[in-house]
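Quick notes on the structure that follows.
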Amino acid sequence: MEVQVSNPISMPRIGDKAPQFKAITTQGEINFPADYAGKWAILFSHPADFTPVCTSEFITFASQQEKFRKANCELIGLSVDGLYSHIAWLRTIREKIEYRGMKDVEVTFPLIEDITMEVATKYGMIQPGESSTKAVRAVFFVDPAGTIRAIIYYPLTIGRNFDELYRALIAMQTTDAFSVACPADWQPGDDVIVPTAGSCGVAKERMEDKENMDCKDWFFCTKKLGKEEIMDKLLNA
Ligand code: BEZ
């Protein structure tokens with residue numbers, strides 16, 4: 001039986017169900033996570049509209065939206081600014097800002113207005129030691145069943161690495177689909193760890209494809225898993 005432990009300071013954790021909310025966004029109202037059932041969702045916060053690091057992040061993320069969508073993942077942004085600020089900022093981005101060769105970028109994923117900080121507070125995105133008036137750069141990965149699977153936080157002054165967000169997404173989908181774990185710096189096509197972390201010790205005896213395994217010791221076995229096999233299974237799921 002799954003046990004949900006209550007969290008008195010409202011700081012969602014990995015393995016929790018994503019807290020539910022309804023919100024106004026630049027793409028209309030959303031009901032999260034219900035509207036995203038059956039899909040992965042990345043809910044991420046940024047400190048403020050019309051700020052440079054956030055602008056570079058939005059241009060980068062929006063430019064990669066299609067890549068995430070092909071991996072069955074939708075993006076949802078949030079800041080404690082209002083809707084009209086969001087709309088004006090996104091228009092400015094599209095009309096005036098070029099960053100690393102990316103220009104005329106239209107942000108078509110929803111950007112939540114959260115002037116009351118209700119959603120940001122629910123998700124622990126307001127971290128007063130950093131700022132009590134702005135959300136930190138939080139990233140919540142929510143799986144198709146509405147469970148939080150990974151959380152990443154960055155401070156106000158450092159932009160996120162969107163290649164890493166994509167890598168983490170594909171890694172989680174790979175661990176789910178192939179019952180393996182992904183080692184340090186793993187990229188699709190690199191060897192994976194068998195069996196999944198936490199059940200070490202009898203890897204070689206348990207595996208059917210023993211000949212394909214490379215056991216460095218009793219607790220550390222890897223096997224090959226081709227990028228094409230992964231992408232085939234994930235992108236055609
Ligand atoms: C920025 O996005 O540039 C930023 C926002 C808030 C504080 C510091 C930097």
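Going through the structure tokens in order, the chains are called A, B, and so on, while each chain numbers its residues from 1 and the ligands are numbered from 1 in the order shown.
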Would you list the residues that come within 6 Å of ligand 1? Count only C-alpha atoms and all ligand atoms and give the answer as a list of chain:residue names. A:Pro47, A:Ala48, A:Thr51, A:Pro52, A:Val53, A:Cys54, A:Leu156, A:Thr157
Which residues of region 31-55 of chain A have any atom within 12 Å of an atom in region 14-17 of chain A when counting only C-alpha atoms, and what is the closest pair of atoms for each, with the distance in Å to one decimal? Order the rows by chain and rising number and write it as a tab-separated table.
```
residue	atom	partner	partner_atom	distance
A:Phe32	CA	A:Lys17	CA	11.1
A:Pro33	CA	A:Lys17	CA	9.2
A:Ala34	CA	A:Lys17	CA	11.3
```
Write the residues of the selection above to a file with N, CA and C atoms, as a PDB file, in the first residue's frame.
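Everything below was put into out13.pdb:
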```pdb
ATOM      1  N   PHE A  32      -4.065  21.888 -12.578  1.00  0.00           N
ATOM      2  CA  PHE A  32      -2.853  21.066 -12.500  1.00  0.00           C
ATOM      3  C   PHE A  32      -2.946  20.121 -11.312  1.00  0.00           C
ATOM      4  N   PRO A  33      -2.537  18.862 -11.426  1.00  0.00           N
ATOM      5  CA  PRO A  33      -1.969  18.218 -12.600  1.00  0.00           C
ATOM      6  C   PRO A  33      -2.988  17.522 -13.491  1.00  0.00           C
ATOM      7  N   ALA A  34      -4.292  17.663 -13.149  1.00  0.00           N
ATOM      8  CA  ALA A  34      -5.311  16.879 -13.866  1.00  0.00           C
ATOM      9  C   ALA A  34      -5.256  17.083 -15.380  1.00  0.00           C
TER      10      ALA A  34
END
```
Could you pull out the residues in chain A that DSSP calls helix (DSSP H, G or I) from the backbone, as a PyMOL selection string? chain A and resi 34-36+52-63+65-70+83-96+118-122+162-178+203-206+210-212+227-235
Gln27 (chain A) surroundings by only C-alpha atoms, 8 Å radius, close-in-sequence under 6 positions cut, as a ChimeraX atom specification: /A:108-111
Store the residues picked out above in a file with N, CA and C atoms, as a short mmCIF file (atom, residue, chain, number, x, y, z; two decimals), in the first residue's frame.
```cif
data_model
loop_
_atom_site.label_atom_id
_atom_site.label_comp_id
_atom_site.auth_asym_id
_atom_site.auth_seq_id
_atom_site.Cartn_x
_atom_site.Cartn_y
_atom_site.Cartn_z
N THR A 108 4.85 29.63 -26.28
CA THR A 108 3.46 29.17 -26.41
C THR A 108 3.06 28.24 -25.28
N PHE A 109 4.00 27.92 -24.38
CA PHE A 109 3.57 27.13 -23.22
C PHE A 109 2.96 28.08 -22.17
N PRO A 110 2.09 27.57 -21.30
CA PRO A 110 1.42 28.45 -20.34
C PRO A 110 2.39 29.03 -19.30
N LEU A 111 2.19 30.29 -19.01
CA LEU A 111 2.95 30.96 -17.95
C LEU A 111 1.92 31.42 -16.90
#
```
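Minimum distance to Lys70 (chain A) across A:Val192, A:Phe58, A:Leu234, A:Asn212 (counting only C-alpha atoms) occurs at A:Leu234.
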So that I can see what lies close to Val119 (chain A), please list as a PyMOL selection string the residues with an atom at most 12 Å from it, counting only C-alpha atoms and leaving out residues fewer than 5 positions away in the same chain. chain A and resi 10-12+18-24+31-32+43-45+77-80+112-114+124-126+135
Among region 42-214 of chain A, which ones does DSSP place in strand (DSSP E), written as a ChimeraX atom specification? /A:42-45,73-79,111-113,137-142,148-154,192-194,213-214
Identify which of the residues A:Leu90, A:Val107, A:Val139, A:Ala237 lies closest to Tyr166 (chain A), counting only C-alpha atoms when measuring atom-to-atom distances. A:Val139
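From CA of Ile152 (chain A) back to CA of Ala171 (chain A), the distance works out to 14.8 Å.
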Within 12 Å of Trp186 (chain A) using only C-alpha atoms, minus same-chain residues under 5 positions, as a ChimeraX atom specification: /A:164,166-172,174-175,181,191-193,222,225,227
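Candidate residues A:Asp190, A:Glu130, A:Asp49, A:Glu118 were compared for distance to Thr92 (chain A), and the nearest is A:Asp49, using only C-alpha atoms.
Going from CA of Ile230 (chain A) to CA of Phe141 (chain A) covers 19.6 Å.
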How many Å lie between CA of Ile93 (chain A) and CA of Phe162 (chain A), rounded to one decimal? 18.1 Å
Between A:Ala120, A:Ile158, A:Ile97, A:Met231, which one has atoms that come closest to Asp81 (chain A), using only C-alpha atoms? A:Ala120
